[in-house]
$ cat structure11.txt   # compact mmCIF, C-alpha atoms and all ligand atoms
# COMPACT_ATOMS: atom_id res chain seq x y z
CA MET A 1 25.74 -0.25 7.44
CA THR A 2 22.93 1.48 5.52
CA ASP A 3 21.20 -1.88 5.50
CA ASP A 4 21.28 -1.98 9.30
CA LEU A 5 20.08 1.63 9.43
CA ILE A 6 17.12 0.86 7.14
CA ARG A 7 16.04 -2.07 9.28
CA ALA A 8 16.65 -0.30 12.62
CA LEU A 9 14.58 2.79 11.77
CA PRO A 10 10.97 2.62 12.99
CA LYS A 11 8.86 2.88 9.83
CA ALA A 12 5.21 3.06 8.85
CA GLU A 13 4.02 1.21 5.77
CA LEU A 14 1.22 3.18 4.14
CA HIS A 15 0.70 1.42 0.81
CA LEU A 16 0.24 -2.31 1.13
CA HIS A 17 -2.49 -4.40 -0.46
CA ILE A 18 -3.04 -7.34 1.85
CA GLU A 19 -4.07 -9.54 -1.10
CA GLY A 20 -0.72 -8.62 -2.66
CA SER A 21 1.13 -10.12 0.31
CA LEU A 22 -0.11 -13.61 -0.59
CA GLU A 23 3.14 -15.46 -1.31
CA PRO A 24 3.05 -18.30 -3.88
CA GLU A 25 3.77 -20.84 -1.11
CA MET A 26 0.62 -19.69 0.71
CA VAL A 27 -1.40 -19.68 -2.53
CA PHE A 28 -0.55 -23.39 -2.88
CA ARG A 29 -1.20 -24.12 0.81
CA LEU A 30 -4.64 -22.49 0.73
CA ALA A 31 -5.51 -24.09 -2.63
CA ASP A 32 -4.65 -27.44 -1.06
CA ARG A 33 -6.73 -26.63 2.03
CA HIS A 34 -9.81 -25.99 -0.09
CA GLY A 35 -9.24 -28.34 -3.04
CA VAL A 36 -8.92 -25.40 -5.46
CA ALA A 37 -7.29 -26.23 -8.82
CA LEU A 38 -4.54 -23.80 -9.82
CA ALA A 39 -3.39 -22.90 -13.32
CA TYR A 40 0.27 -23.57 -12.32
CA ASP A 41 1.69 -26.87 -11.18
CA SER A 42 4.34 -25.58 -8.78
CA VAL A 43 5.31 -22.64 -6.61
CA ASP A 44 8.24 -21.97 -8.96
CA ALA A 45 5.97 -21.99 -12.04
CA LEU A 46 3.62 -19.51 -10.37
CA ARG A 47 6.48 -17.25 -9.32
CA ALA A 48 7.93 -17.43 -12.84
CA ALA A 49 4.63 -16.07 -14.18
CA TYR A 50 5.21 -12.84 -12.24
CA ASP A 51 6.68 -11.10 -15.26
CA PHE A 52 4.53 -8.06 -15.93
CA HIS A 53 4.50 -5.44 -18.67
CA ASP A 54 1.95 -3.06 -17.15
CA LEU A 55 -0.56 -2.69 -14.30
CA GLN A 56 -3.29 -4.76 -15.98
CA SER A 57 -1.02 -7.76 -16.64
CA PHE A 58 -0.30 -7.80 -12.90
CA LEU A 59 -3.91 -7.27 -11.81
CA ASP A 60 -5.05 -10.29 -13.84
CA LEU A 61 -2.77 -12.59 -11.82
CA TYR A 62 -3.41 -10.76 -8.54
CA TYR A 63 -7.18 -11.29 -8.75
CA ALA A 64 -6.69 -14.92 -9.79
CA GLY A 65 -4.36 -15.48 -6.80
CA ALA A 66 -6.92 -14.05 -4.37
CA ASP A 67 -9.39 -16.77 -5.38
CA VAL A 68 -7.77 -19.18 -2.88
CA LEU A 69 -8.95 -16.98 0.00
CA ARG A 70 -12.12 -18.75 1.12
CA ASP A 71 -12.59 -18.64 4.89
CA GLU A 72 -11.77 -16.68 8.02
CA ALA A 73 -8.59 -18.67 8.69
CA ASP A 74 -7.23 -17.85 5.21
CA PHE A 75 -7.57 -14.10 5.81
CA TYR A 76 -6.06 -14.55 9.27
CA ASP A 77 -3.05 -16.52 7.96
CA MET A 78 -2.37 -14.06 5.13
CA THR A 79 -2.60 -10.99 7.38
CA ARG A 80 -0.60 -12.52 10.25
CA ALA A 81 2.18 -13.58 7.83
CA TYR A 82 2.41 -10.07 6.39
CA LEU A 83 2.65 -8.50 9.86
CA ALA A 84 5.46 -10.86 10.87
CA ARG A 85 7.39 -10.05 7.70
CA ALA A 86 6.83 -6.31 8.10
CA ALA A 87 7.91 -6.40 11.76
CA ALA A 88 11.17 -8.08 10.71
CA ASP A 89 11.81 -5.01 8.51
CA GLY A 90 11.28 -2.55 11.38
CA VAL A 91 7.70 -1.63 10.50
CA VAL A 92 5.97 -0.35 13.66
CA HIS A 93 2.71 0.74 12.01
CA SER A 94 0.92 -0.39 8.88
CA GLU A 95 -2.11 0.99 7.06
CA ILE A 96 -3.40 -1.96 5.10
CA PHE A 97 -5.53 -1.84 1.94
CA PHE A 98 -8.09 -4.54 1.32
CA ASP A 99 -10.32 -5.06 -1.72
CA PRO A 100 -13.80 -6.19 -0.56
CA GLN A 101 -15.20 -6.45 -4.09
CA THR A 102 -12.59 -9.08 -5.00
CA HIS A 103 -14.18 -11.28 -2.35
CA THR A 104 -17.86 -10.29 -2.32
CA ALA A 105 -18.01 -10.98 -6.08
CA ARG A 106 -17.06 -14.60 -5.22
CA GLY A 107 -19.71 -14.87 -2.50
CA ILE A 108 -17.27 -14.23 0.35
CA GLY A 109 -18.66 -11.54 2.60
CA PHE A 110 -17.47 -8.98 5.13
CA ASP A 111 -18.46 -11.47 7.86
CA VAL A 112 -15.66 -13.76 6.60
CA PHE A 113 -12.73 -11.47 5.73
CA MET A 114 -13.18 -8.80 8.42
CA PRO A 115 -13.01 -11.19 11.41
CA GLY A 116 -9.99 -12.95 9.89
CA MET A 117 -8.05 -9.75 9.27
CA LEU A 118 -9.05 -8.15 12.59
CA ARG A 119 -8.02 -11.22 14.61
CA ALA A 120 -4.61 -11.10 12.89
CA LEU A 121 -4.25 -7.37 13.58
CA ALA A 122 -5.02 -7.91 17.27
CA ASP A 123 -2.49 -10.77 17.49
CA GLY A 124 0.07 -8.76 15.50
CA GLU A 125 -0.25 -5.83 17.85
CA ARG A 126 0.05 -8.02 20.95
CA GLU A 127 2.77 -10.40 19.75
CA LEU A 128 4.82 -8.19 17.40
CA GLY A 129 4.07 -4.68 18.64
CA VAL A 130 2.94 -3.60 15.16
CA SER A 131 -0.06 -1.27 15.17
CA ALA A 132 -2.30 -1.38 12.12
CA LYS A 133 -5.28 0.24 10.47
CA LEU A 134 -7.49 -0.91 7.59
CA ILE A 135 -8.25 1.05 4.41
CA LEU A 136 -11.16 -0.21 2.32
CA CYS A 137 -10.38 0.16 -1.39
CA PHE A 138 -12.94 0.41 -4.16
CA LEU A 139 -12.05 -1.26 -7.45
CA ARG A 140 -12.17 1.57 -9.96
CA HIS A 141 -12.79 -0.68 -12.99
CA LEU A 142 -16.20 -1.48 -11.45
CA SER A 143 -19.11 0.97 -11.36
CA ALA A 144 -19.67 3.80 -8.90
CA ASP A 145 -22.93 2.04 -7.90
CA ASP A 146 -20.97 -1.09 -7.02
CA ALA A 147 -18.62 1.02 -4.89
CA MET A 148 -21.61 2.60 -3.10
CA ALA A 149 -23.12 -0.85 -2.43
CA THR A 150 -19.75 -1.94 -1.03
CA LEU A 151 -19.69 1.04 1.33
CA ASP A 152 -23.21 0.08 2.47
CA ALA A 153 -22.09 -3.49 3.13
CA ALA A 154 -19.15 -2.17 5.16
CA LEU A 155 -21.35 -0.12 7.53
CA PRO A 156 -21.54 -2.78 10.27
CA TRP A 157 -17.70 -2.69 10.27
CA ARG A 158 -17.43 1.11 10.16
CA ASP A 159 -15.42 1.36 13.39
CA ALA A 160 -12.82 -1.15 12.18
CA ILE A 161 -12.08 0.93 9.06
CA CYS A 162 -9.99 4.07 9.08
CA ALA A 163 -10.20 5.28 5.48
CA VAL A 164 -11.36 4.45 1.97
CA GLY A 165 -9.12 4.25 -1.08
CA LEU A 166 -9.29 3.66 -4.82
CA ASP A 167 -7.27 1.03 -6.68
CA SER A 168 -7.23 -1.34 -9.70
CA SER A 169 -7.01 -0.32 -13.39
CA GLU A 170 -6.30 3.41 -13.41
CA ARG A 171 -6.46 4.48 -17.06
CA GLY A 172 -9.99 5.37 -18.15
CA HIS A 173 -11.29 5.33 -14.56
CA PRO A 174 -10.68 8.84 -13.20
CA PRO A 175 -11.25 9.75 -9.55
CA SER A 176 -14.25 11.90 -10.64
CA LYS A 177 -16.18 8.66 -11.27
CA PHE A 178 -16.24 8.13 -7.49
CA THR A 179 -17.01 11.64 -6.18
CA ALA A 180 -20.38 10.66 -4.66
CA VAL A 181 -19.13 7.57 -2.84
CA PHE A 182 -16.14 9.45 -1.44
CA ASP A 183 -18.48 12.28 -0.31
CA ARG A 184 -20.51 9.70 1.56
CA ALA A 185 -17.43 8.04 3.07
CA ARG A 186 -16.22 11.42 4.38
CA ALA A 187 -19.69 12.13 5.79
CA LEU A 188 -19.29 8.87 7.74
CA GLY A 189 -16.05 10.22 9.18
CA LEU A 190 -13.75 8.10 7.04
CA LEU A 191 -10.49 9.55 5.73
CA THR A 192 -9.75 9.25 2.02
CA VAL A 193 -6.78 8.27 -0.15
CA ALA A 194 -6.56 7.24 -3.81
CA HIS A 195 -4.16 5.66 -6.27
CA ALA A 196 -3.42 8.35 -8.85
CA GLY A 197 -0.59 9.12 -11.23
CA GLU A 198 0.75 5.56 -11.26
CA GLU A 199 -0.17 4.90 -14.91
CA GLY A 200 -2.77 7.65 -15.14
CA PRO A 201 -2.08 11.32 -15.95
CA PRO A 202 -1.29 14.11 -13.47
CA ALA A 203 -4.88 15.38 -13.95
CA TYR A 204 -6.06 12.32 -11.98
CA ILE A 205 -3.91 13.47 -9.04
CA VAL A 206 -5.58 16.90 -9.19
CA GLU A 207 -9.03 15.25 -9.28
CA ALA A 208 -8.16 13.04 -6.31
CA LEU A 209 -7.15 16.13 -4.32
CA ASP A 210 -9.99 18.43 -5.36
CA LEU A 211 -12.91 16.01 -5.73
CA LEU A 212 -12.10 13.12 -3.40
CA LYS A 213 -10.33 15.35 -0.82
CA VAL A 214 -7.64 12.75 -0.30
CA ARG A 215 -5.14 13.03 2.56
CA ARG A 216 -2.46 11.17 0.60
CA ILE A 217 -1.82 10.19 -3.02
CA ASP A 218 -0.93 6.55 -3.60
CA HIS A 219 1.97 6.40 -6.10
CA GLY A 220 1.64 9.89 -7.67
CA VAL A 221 4.96 9.57 -9.49
CA ARG A 222 3.57 11.03 -12.73
CA CYS A 223 3.11 14.38 -10.93
CA VAL A 224 6.51 15.41 -12.36
CA GLU A 225 4.82 15.95 -15.72
CA ASP A 226 3.02 18.99 -14.27
CA GLY A 227 5.30 21.58 -12.67
CA ALA A 228 2.46 23.48 -10.97
CA LEU A 229 1.21 20.24 -9.43
CA VAL A 230 4.67 19.39 -8.05
CA GLU A 231 4.78 22.86 -6.46
CA ARG A 232 1.32 22.34 -4.97
CA LEU A 233 2.19 18.90 -3.56
CA ALA A 234 5.31 20.39 -1.96
CA ARG A 235 3.49 23.47 -0.63
CA GLU A 236 0.58 21.49 0.82
CA GLN A 237 2.88 18.65 1.95
CA VAL A 238 0.54 16.04 0.46
CA PRO A 239 2.24 12.70 1.14
CA LEU A 240 2.97 10.40 -1.79
CA THR A 241 3.04 6.68 -0.97
CA VAL A 242 5.65 5.62 -3.50
CA CYS A 243 6.32 1.95 -4.27
CA PRO A 244 9.66 1.68 -6.09
CA LEU A 245 9.90 -2.07 -6.79
CA SER A 246 6.27 -2.08 -7.94
CA ASN A 247 6.99 0.79 -10.35
CA VAL A 248 9.89 -1.10 -11.90
CA LYS A 249 8.02 -4.43 -12.09
CA LEU A 250 5.03 -2.74 -13.77
CA CYS A 251 7.29 -0.80 -16.15
CA VAL A 252 6.35 2.66 -14.86
CA PHE A 253 10.15 3.14 -14.82
CA GLU A 254 12.40 0.94 -16.90
CA ARG A 255 15.07 0.56 -14.22
CA ALA A 256 15.37 1.44 -10.52
CA ALA A 257 18.03 3.99 -11.51
CA ASP A 258 15.36 5.83 -13.57
CA HIS A 259 13.02 6.26 -10.59
CA ASN A 260 12.14 9.86 -9.68
CA LEU A 261 11.92 9.31 -5.90
CA LYS A 262 15.12 11.22 -5.17
CA THR A 263 14.05 14.12 -7.41
CA LEU A 264 10.70 14.34 -5.62
CA LEU A 265 12.39 14.22 -2.23
CA GLU A 266 14.80 16.98 -3.23
CA ARG A 267 11.92 19.10 -4.52
CA GLY A 268 10.49 19.04 -0.99
CA LEU A 269 7.64 16.54 -1.40
CA CYS A 270 6.61 14.31 1.50
CA VAL A 271 7.67 11.06 -0.18
CA THR A 272 7.26 7.71 1.58
CA VAL A 273 8.53 4.24 0.57
CA ASN A 274 6.23 1.22 0.53
CA SER A 275 5.95 -2.28 -0.91
CA ASP A 276 2.49 -2.25 -2.62
CA ASP A 277 2.18 -5.99 -3.40
CA PRO A 278 5.37 -7.50 -1.97
CA ALA A 279 4.61 -11.12 -2.91
CA TYR A 280 4.41 -10.11 -6.56
CA PHE A 281 7.09 -7.43 -6.83
CA GLY A 282 10.03 -9.13 -5.16
CA GLY A 283 10.40 -7.27 -1.91
CA TYR A 284 9.02 -5.98 1.36
CA VAL A 285 9.48 -2.47 2.66
CA ALA A 286 13.17 -2.68 3.60
CA ASP A 287 13.92 -4.14 0.14
CA ASN A 288 12.26 -1.06 -1.36
CA TYR A 289 14.36 1.33 0.74
CA ARG A 290 17.48 -0.67 -0.15
CA ALA A 291 16.69 -0.70 -3.89
CA MET A 292 16.35 3.09 -3.93
CA GLN A 293 19.40 3.64 -1.75
CA THR A 294 21.51 1.52 -4.11
CA ALA A 295 20.12 2.75 -7.43
CA LEU A 296 19.88 6.45 -6.55
CA SER A 297 22.72 6.74 -4.01
CA LEU A 298 20.41 8.11 -1.34
CA SER A 299 22.30 9.52 1.64
CA ASP A 300 21.71 8.14 5.13
CA ALA A 301 20.04 11.46 5.96
CA GLN A 302 17.60 10.90 3.08
CA ILE A 303 16.86 7.38 4.36
CA VAL A 304 16.09 8.87 7.78
CA GLN A 305 13.90 11.52 6.10
CA LEU A 306 11.90 8.81 4.33
CA ALA A 307 11.29 7.01 7.64
CA ARG A 308 10.25 10.29 9.28
CA ASN A 309 7.89 11.02 6.38
CA SER A 310 6.26 7.61 6.76
CA ILE A 311 5.39 8.38 10.37
CA THR A 312 4.19 11.95 9.82
CA ALA A 313 2.08 10.87 6.82
CA SER A 314 0.39 8.08 8.76
CA PHE A 315 -3.07 8.22 10.32
CA ALA A 316 -1.70 7.14 13.71
CA ASP A 317 -2.50 9.32 16.72
CA ASP A 318 -0.21 12.19 17.66
CA ASP A 319 1.22 10.49 20.76
CA ALA A 320 2.27 7.41 18.83
CA LYS A 321 3.78 9.57 16.09
CA ALA A 322 5.78 11.59 18.62
CA ARG A 323 7.08 8.38 20.21
CA TRP A 324 8.20 6.88 16.88
CA LEU A 325 9.77 10.14 15.71
CA ALA A 326 11.78 10.29 18.95
CA GLN A 327 12.90 6.69 18.33
CA ILE A 328 13.96 7.66 14.80
CA ASP A 329 16.08 10.48 16.25
CA GLU A 330 17.72 8.00 18.61
CA VAL A 331 18.49 5.54 15.83
CA ALA A 332 19.83 8.34 13.59
CA GLN A 333 22.10 9.49 16.41
CA ARG A 334 23.31 5.95 17.07
CA PHE A 335 24.22 5.57 13.39
CA GLY A 336 25.89 8.99 13.32
CA VAL A 337 23.42 10.50 10.86
CA ALA A 338 23.33 14.29 11.11
CA GLY A 339 19.84 15.54 12.04
N1 LIG A 401 -0.22 -1.03 -7.74
C1 LIG A 401 -1.55 -1.12 -7.82
N2 LIG A 401 -2.22 -0.20 -8.54
C2 LIG A 401 -3.55 -0.28 -8.63
N3 LIG A 401 -4.28 -1.22 -8.05
C3 LIG A 401 -3.66 -2.17 -7.33
N4 LIG A 401 -4.13 -3.22 -6.64
C4 LIG A 401 -3.08 -3.84 -6.09
N5 LIG A 401 -1.94 -3.22 -6.42
C5 LIG A 401 -2.28 -2.16 -7.18
ZN ZN A 402 -1.21 -0.01 -4.76

$ encode --input "structure11.txt" --output "structure tokens"
Amino acid sequence: MTDDLIRALPKAELHLHIEGSLEPEMVFRLADRHGVALAYDSVDALRAAYDFHDLQSFLDLYYAGADVLRDEADFYDMTRAYLARAAADGVVHSEIFFDPQTHTARGIGFDVFMPGMLRALADGERELGVSAKLILCFLRHLSADDAMATLDAALPWRDAICAVGLDSSERGHPPSKFTAVFDRARALGLLTVAHAGEEGPPAYIVEALDLLKVRRIDHGVRCVEDGALVERLAREQVPLTVCPLSNVKLCVFERAADHNLKTLLERGLCVTVNSDDPAYFGGYVADNYRAMQTALSLSDAQIVQLARNSITASFADDDAKARWLAQIDEVAQRFGVAG
């Protein structure tokens, strides 16, 4: 019953790395297409290697996996496959992260990956009814100058990009390193988000808010270590894009039952549920809702609240938000969930 509710609720996905949606089967298909040699001899062997002990151990495999993305069709196929999978979970809107530096460093430019992704988004909207936006992420383990050069290279594609974000290895790379590039992005009219408080300390969340002027915090689960920060996040209704299965796979929490999502929700934060890198962490968005419902005994009303939060926290226009929120009310009523 709750399973049907989760799937039936219109949801926005706000924390999804498109390169992290590259399933092992597609890694092998694209490697075959381009004659790329892989370090694993089967899909099963590759999937078996997805046994991580922290963020960096994942990132090493994630960047290696992205090396099979070589031409426009590869970016199209990856993006179109994600949208189909998300639509099957009841996702009506997705704000998709992409990592240009992972590709430009290999000689693959914006003129390759942008057309591929944008063609898939157009087809996904027309054929699946999923609306989508793109968020350009800077890799924080690289220099601020490299991030600025990446923003320059993105200028011809400005109108296809909704926001900039910050991802990759968090510890030792505070948001403050990127103040100038985020200032410039905002001057260009781009919105801002940042990964903070996944592995890094609560102070990184404060920096992301105060220096990068972010509209949402990606992950943010370590905010609980700072009571004043939790109160601020609740007061200002700063959305957190939480990724439960990711957090367990990367050992941020030992078990799903240890996750603080329910605590944050009950303390009045605008928590959302997302899949992060679904091909690597064992589940798409509905799997993440289901994992939290099971492990934390979330009520149906809390499931509905999470879906509502995903819509209100999105960068979609107000008319679309109002339409989806009305649909959520209808679904909640149909399932007998008190409003
Ligand atoms: N969970 C995550 N944290 C930081 N960078 C990432 N890049 C892809 N997934 C990420
Ligand atoms: Zn992420």

$ closest_atom_pairs --input "structure11.txt" --of "range 245-326 of chain A" --to "range 233-236 of chain A" --cutoff "9 Å" --atoms "all atoms listed in the file" --output "CSV"
residue,atom,partner,partner_atom,distance
A:Leu264,CA,A:Ala234,CA,8.9
A:Arg267,CA,A:Ala234,CA,7.2
A:Gly268,CA,A:Ala234,CA,5.4
A:Leu269,CA,A:Ala234,CA,4.5
A:Cys270,CA,A:Ala234,CA,7.1

$ closest_atom_pairs --input "structure11.txt" --of "range 239-335 of chain A" --to "range 47-52 of chain A" --cutoff "7 Å" --atoms "all atoms listed in the file" --output "JSON lines"
{"residue": "A:Lys249", "atom": "CA", "partner": "A:Phe52", "partner_atom": "CA", "distance": 6.3}
{"residue": "A:Leu250", "atom": "CA", "partner": "A:Phe52", "partner_atom": "CA", "distance": 5.8}
{"residue": "A:Tyr280", "atom": "CA", "partner": "A:Tyr50", "partner_atom": "CA", "distance": 6.4}

$ closest_residue --input "structure11.txt" --among "A:Met26, A:Ala88, A:Leu136, A:Leu240" --to "Leu190 in chain A" --atoms "all atoms listed in the file"
A:Leu136

$ residues_around --input "structure11.txt" --residues "range 319-323 of chain A" --least-positions-apart "2" --cutoff "12 Å" --atoms "only C-alpha atoms" --output "list of chain:residue names"
A:Pro10, A:Lys11, A:Ala12, A:Val92, A:His93, A:Val130, A:Ser131, A:Ala132, A:Ala307, A:Arg308, A:Asn309, A:Ser310, A:Ile311, A:Thr312, A:Ala313, A:Ser314, A:Phe315, A:Ala316, A:Asp317, A:Leu325, A:Ala326, A:Gln327, A:Ile328, A:Asp329, A:Glu330

$ closest_residue --input "structure11.txt" --among "A:Ala120, A:Val43, A:Ala301, A:Leu212" --to "Leu191 in chain A" --atoms "only C-alpha atoms"
A:Leu212

$ closest_residue --input "structure11.txt" --among "A:Ser57, A:Gln333, A:Ser297, A:Ser168" --to "ligand LIG 401 (chain A)" --atoms "all atoms listed in the file"
A:Ser168

$ decode --input "structure11.txt" --residues "range 186-216 of chain A" --atoms "N, CA and C atoms" --output "CSV table (one decimal), in the first residue's frame"
chain,number,residue,atom,x,y,z
A,186,ARG,N,26.1,33.9,-10.0
A,186,ARG,CA,24.9,34.6,-9.6
A,186,ARG,C,24.7,35.8,-10.4
A,187,ALA,N,25.8,36.5,-10.7
A,187,ALA,CA,25.8,37.7,-11.5
A,187,ALA,C,25.2,37.4,-12.9
A,188,LEU,N,25.4,36.2,-13.4
A,188,LEU,CA,24.9,35.7,-14.7
A,188,LEU,C,23.4,35.3,-14.6
A,189,GLY,N,22.9,35.3,-13.4
A,189,GLY,CA,21.5,35.0,-13.2
A,189,GLY,C,21.3,33.5,-12.9
A,190,LEU,N,22.4,32.8,-12.6
A,190,LEU,CA,22.2,31.4,-12.2
A,190,LEU,C,21.9,31.2,-10.7
A,191,LEU,N,21.1,30.3,-10.4
A,191,LEU,CA,20.9,29.9,-9.0
A,191,LEU,C,22.0,29.1,-8.5
A,192,THR,N,22.1,28.9,-7.2
A,192,THR,CA,23.3,28.2,-6.6
A,192,THR,C,22.8,27.1,-5.6
A,193,VAL,N,23.5,26.0,-5.6
A,193,VAL,CA,23.3,24.9,-4.6
A,193,VAL,C,24.7,24.4,-4.3
A,194,ALA,N,24.9,23.6,-3.3
A,194,ALA,CA,26.2,23.0,-3.0
A,194,ALA,C,26.0,21.8,-2.2
A,195,HIS,N,26.9,20.8,-2.4
A,195,HIS,CA,27.0,19.7,-1.5
A,195,HIS,C,27.7,20.2,-0.3
A,196,ALA,N,27.1,19.9,0.9
A,196,ALA,CA,27.8,20.4,2.2
A,196,ALA,C,27.2,19.5,3.3
A,197,GLY,N,28.1,19.2,4.2
A,197,GLY,CA,27.6,18.4,5.4
A,197,GLY,C,27.2,17.0,5.0
A,198,GLU,N,27.9,16.4,4.0
A,198,GLU,CA,27.8,15.0,3.7
A,198,GLU,C,28.8,14.3,4.5
A,199,GLU,N,30.1,14.5,4.1
A,199,GLU,CA,31.2,14.1,5.0
A,199,GLU,C,31.8,15.3,5.7
A,200,GLY,N,31.6,16.4,5.2
A,200,GLY,CA,32.3,17.6,5.8
A,200,GLY,C,31.5,18.2,7.0
A,201,PRO,N,32.1,19.1,7.7
A,201,PRO,CA,31.5,19.6,9.0
A,201,PRO,C,30.3,20.5,8.7
A,202,PRO,N,29.5,20.8,9.8
A,202,PRO,CA,28.4,21.7,9.7
A,202,PRO,C,28.9,23.1,9.2
A,203,ALA,N,30.1,23.5,9.6
A,203,ALA,CA,30.6,24.8,9.2
A,203,ALA,C,30.6,25.0,7.7
A,204,TYR,N,30.8,23.9,6.9
A,204,TYR,CA,30.7,24.0,5.4
A,204,TYR,C,29.3,24.3,5.0
A,205,ILE,N,28.3,23.9,5.8
A,205,ILE,CA,26.9,24.2,5.4
A,205,ILE,C,26.7,25.7,5.6
A,206,VAL,N,27.2,26.2,6.7
A,206,VAL,CA,27.1,27.7,7.0
A,206,VAL,C,27.8,28.5,5.9
A,207,GLU,N,29.0,28.0,5.5
A,207,GLU,CA,29.7,28.7,4.4
A,207,GLU,C,28.9,28.7,3.1
A,208,ALA,N,28.3,27.6,2.8
A,208,ALA,CA,27.5,27.5,1.6
A,208,ALA,C,26.4,28.5,1.6
A,209,LEU,N,25.8,28.6,2.7
A,209,LEU,CA,24.6,29.5,2.9
A,209,LEU,C,25.1,31.0,2.8
A,210,ASP,N,26.2,31.3,3.6
A,210,ASP,CA,26.6,32.7,3.7
A,210,ASP,C,27.4,33.2,2.6
A,211,LEU,N,28.3,32.4,2.0
A,211,LEU,CA,29.2,32.8,1.0
A,211,LEU,C,28.8,32.5,-0.4
A,212,LEU,N,28.2,31.3,-0.6
A,212,LEU,CA,27.7,30.9,-1.9
A,212,LEU,C,26.3,31.2,-2.2
A,213,LYS,N,25.6,31.7,-1.1
A,213,LYS,CA,24.2,32.1,-1.2
A,213,LYS,C,23.3,31.0,-1.8
A,214,VAL,N,23.5,29.7,-1.4
A,214,VAL,CA,22.8,28.6,-2.0
A,214,VAL,C,21.3,28.6,-1.6
A,215,ARG,N,20.5,28.1,-2.6
A,215,ARG,CA,19.1,28.0,-2.4
A,215,ARG,C,18.7,26.7,-1.8
A,216,ARG,N,19.6,25.7,-1.9
A,216,ARG,CA,19.4,24.4,-1.2
A,216,ARG,C,20.7,23.9,-0.8
